[in-house]
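Right, one structure below, let's go through it.
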Amino acid sequence: MNKKKIAVIMGTRPEAIKMAPVVYALKQRTADIETIVIATAQHRQMLDQVLSLFNIVPDIDLDLMRPDQNLNDLTCRVLQLMQKTLTDVKPDMLMVQGDTTTVFAASVAAFYLKIPVVHIEAGLRSHELYNPFPEEANRRLASVLTLIHLAPTSLAKKNLLNEGIKEENIFVTGNTVVDAMSTLLDAPFSFLDSPLKNLHLNQHRVILVTSHRRESLGEELRNTCFALKEIVQRFPDVMVVYPVHLNPNVRKTVMEILSDVERVALIEPVDYQSFLYLMRNAHIIVTDSGGVQEEAPTLKKPLLVLRKLTERPEAFNAGLSKIIGTSTNTIISEISLLLTDDKAYQSMIGSNPFGDGRASERIAELVVRWARNEMPLLLPENEFIG
Ligand code: UD1
Ligand code: UDP
């Protein structure tokens with residue numbers, strides 16, 4: 001039997017984190033499939049941080065990040081380079097993950113070459129075209145071009161059904177981020193060898209912050225920064241730790257307002273294992289990140305989401321997160337509440353609704369069954385319930 005060739009693509013930090021366990025699981029199934037890892041390197045340094053942590057060396061690296069890149073140029077570069085790459089590699093299937101420009105553009109490139117696309121983390125919807133921008137559109141566009149939709153939760157499956165996607169092409173797997181986390185949370189970690197070693201984490205209540213979304217750049221990000229400045233002034237036992245995304249439009253604002261503020265540690269993006277350590281040792285997590293919204297509930301940390309709405313409402317629906325927007329006053333009052341009211345704090349701790357750590361195993365099984373032409377691709381009793 002000819003082995004089926006499965007191409008797995010990743011461009012940015014979150015895609016690599018969530019694809020890493022899938023790559024591991026696929027690479028164990030060598031009897032049936034050959035796995036080819038393609039990095040667009042839409043992110044360079046932040047992608048490499050993840051690849052090196054998980055010991056993944058891409059078979060092909062398109063190295064296409066440019067400083068302060070714009071979406072149209074980025075899309076063109078992915079399309080052009082993927083035309084050549086897919087024509088050379090001739091995969092039987094392309095696996096994409098999430099909602100980035102890499103995902104959208106690589107899906108178009110594969111579709112034009114009639115290569116079936118499998119979309120991991122399919123079906124998340126905010127139902128507002130411009131929010132998150134451009135991810136809501138990227139995800140919807142990828143769904144149109146996808147043959148097999150791997151929804152992380154039953155809510156995501158419902159969104160796909162509502163758009164007319166056939167049920168037989170949707171499988172609920174859980175989110176692979178839970179798999180990535182559990183692998184690393186079990187691995188040894190040396191704080192003193194980590195980039196965190198100079199932070200006095202255990203002397204403070206730590207508020208861990210990340211914020212980088214395009215729709216929040218400018219005034220909304222400024223509002224967030226002013227709120228954080230006020231919080232450390234009001235609460236002398238509180239420290240803000242903020243790993244600042246490498247997007248220059250994020251860095252400019254954050255550095256302008258928060259450099260040299262006492263008990264605000266602006267640090268470079270840290271490797272994923274160090275970030276997990278930070279999350280575990282945080283008192284509260286404040287973020288506009290997609291992935292962090294899925295991770296905080298797994299670590300049982302109250303989560304405040306710096307967005308007007310979210311395409312990941314599962315944590316909110318379970319009472320584990322609040323969607324607080326980006327007004328300075330609201331951010332101050334919501335953080336203050338959690339710092340002063342233990343009942344409010346404890347009410348936001350529960351169990352993670354996003355996955356059970358077995359998503360990648362399900363995905364590898366599904367791909368192998370597809371390669372063997374076995375139906376259904378995933379037995380209903382093997383799907384994730386959640
Ligand atoms: C991208 C994704 C977003 C995802 C985020 C994860 C799109 C349109 N956006 O946003 O969905 O949430 O990644 O972090 O796909 N840069 C570096 N080094 C890096 C990474 C970025 O210098 O390792 C700088 C570069 O100047 C780059 C800029 O950041 O041009 C923006 O990168 P880009 O991938 O276009 O957008 P993000 O805001 O990172
Ligand atoms: N993360 C990391 N180092 C950091 C900040 C975040 O490894 O300094 C991880 C985080 O745990 C999550 C992912 O990066 O898994 C989220 O990436 P990002 O916020 O860039 O993208 P999004 O999830 O919003 O698309």
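Within each chain, counting starts at residue 1; across the structure tokens, chains are named A, B, ... in the order shown, with ligands numbered 1 upward in that order.
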**OP:** Identify, with DSSP run on backbone atoms, the residues in range 334-382 of chain A assigned to helix (DSSP H, G or I), and express the list as a count of residues only.
**Re:** 28
Chain A near ligand 1 within 6 Å: what's each residue's closest atom pair and its distance in Å to one decimal, counting only C-alpha atoms and all ligand atoms, ordered by chain then ascending residue number, as a tab-separated table?
```
residue	atom	partner	partner_atom_place_in_ligand_line	distance
A:Thr12	CA	ligand 1	13 (O)	5.5
A:Arg13	CA	ligand 1	14 (O)	5.7
A:Pro14	CA	ligand 1	6 (C)	5.8
A:Gln42	CA	ligand 1	34 (O)	5.2
A:His43	CA	ligand 1	20 (C)	4.0
A:Arg44	CA	ligand 1	23 (O)	4.0
A:Gln45	CA	ligand 1	23 (O)	3.7
A:Met46	CA	ligand 1	23 (O)	3.7
A:Leu47	CA	ligand 1	23 (O)	5.9
A:Arg66	CA	ligand 1	30 (O)	5.0
A:Pro67	CA	ligand 1	26 (O)	3.5
A:Asp68	CA	ligand 1	30 (O)	3.4
A:Gln69	CA	ligand 1	30 (O)	3.9
A:Asp99	CA	ligand 1	11 (O)	6.0
A:Thr100	CA	ligand 1	15 (O)	3.4
A:Thr101	CA	ligand 1	15 (O)	3.9
A:Pro134	CA	ligand 1	8 (C)	5.8
A:Glu135	CA	ligand 1	11 (O)	5.6
A:Leu246	CA	ligand 1	16 (N)	4.6
A:Asn247	CA	ligand 1	29 (O)	3.2
A:Pro248	CA	ligand 1	26 (O)	5.7
```
Show me, as a PDB file with C-alpha atoms, in the first residue's frame, the residues that have an atom within 9 Å of Thr102 in chain A when counting only C-alpha atoms, minus same-chain residues fewer than 3 positions from it.
```
ATOM      1  CA  ILE A   9       1.162  23.543   8.259  1.00  0.00           C
ATOM      2  CA  MET A  10       1.895  26.111  10.954  1.00  0.00           C
ATOM      3  CA  GLY A  11       2.730  29.799  10.833  1.00  0.00           C
ATOM      4  CA  THR A  12       2.456  31.422  14.249  1.00  0.00           C
ATOM      5  CA  THR A  40       5.240  29.340   6.739  1.00  0.00           C
ATOM      6  CA  ALA A  41       7.058  31.193   9.536  1.00  0.00           C
ATOM      7  CA  GLN A  42       4.450  33.950   9.463  1.00  0.00           C
ATOM      8  CA  LEU A  74       1.354  38.238   3.813  1.00  0.00           C
ATOM      9  CA  THR A  75      -1.544  36.467   2.090  1.00  0.00           C
ATOM     10  CA  VAL A  78       1.632  32.368   1.501  1.00  0.00           C
ATOM     11  CA  VAL A  96      -4.416  23.504   9.159  1.00  0.00           C
ATOM     12  CA  ASP A  99      -7.660  31.166  12.314  1.00  0.00           C
ATOM     13  CA  ALA A 105      -4.232  31.365   2.610  1.00  0.00           C
ATOM     14  CA  ALA A 106      -2.837  27.818   2.815  1.00  0.00           C
ATOM     15  CA  SER A 107      -6.403  26.487   2.614  1.00  0.00           C
TER      16      SER A 107
END
```
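You will find CA of Val172 in chain A at 10.3 Å from CA of Lys158 in chain A.
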**OP:** May I have the residues within 10 Å of ligand 2, computed using only C-alpha atoms and all ligand atoms, as a PyMOL selection string?
**Re:** chain A and resi 12-18+43+46-47+49-50+98-100+132+135+177-178+180-181+208-213+242-247+267-279+287-296
Subject >> Residue contacts of range 145-155 of chain A (9 Å, only C-alpha atoms) excluding same-chain residues fewer than 2 positions away, as a ChimeraX atom specification >> reply: /A:104,107-108,110-111,116-124,141-143,157-160,165,168-176,313-314,353-355,359,363,384-386
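Closest approach to Tyr130 in chain A among A:Leu199, A:Arg251, A:Val240, A:Glu215 is made by A:Glu215 (distances from only C-alpha atoms).
The space separating CA of Ser333 in chain A from CA of Lys252 in chain A comes to 25.7 Å.
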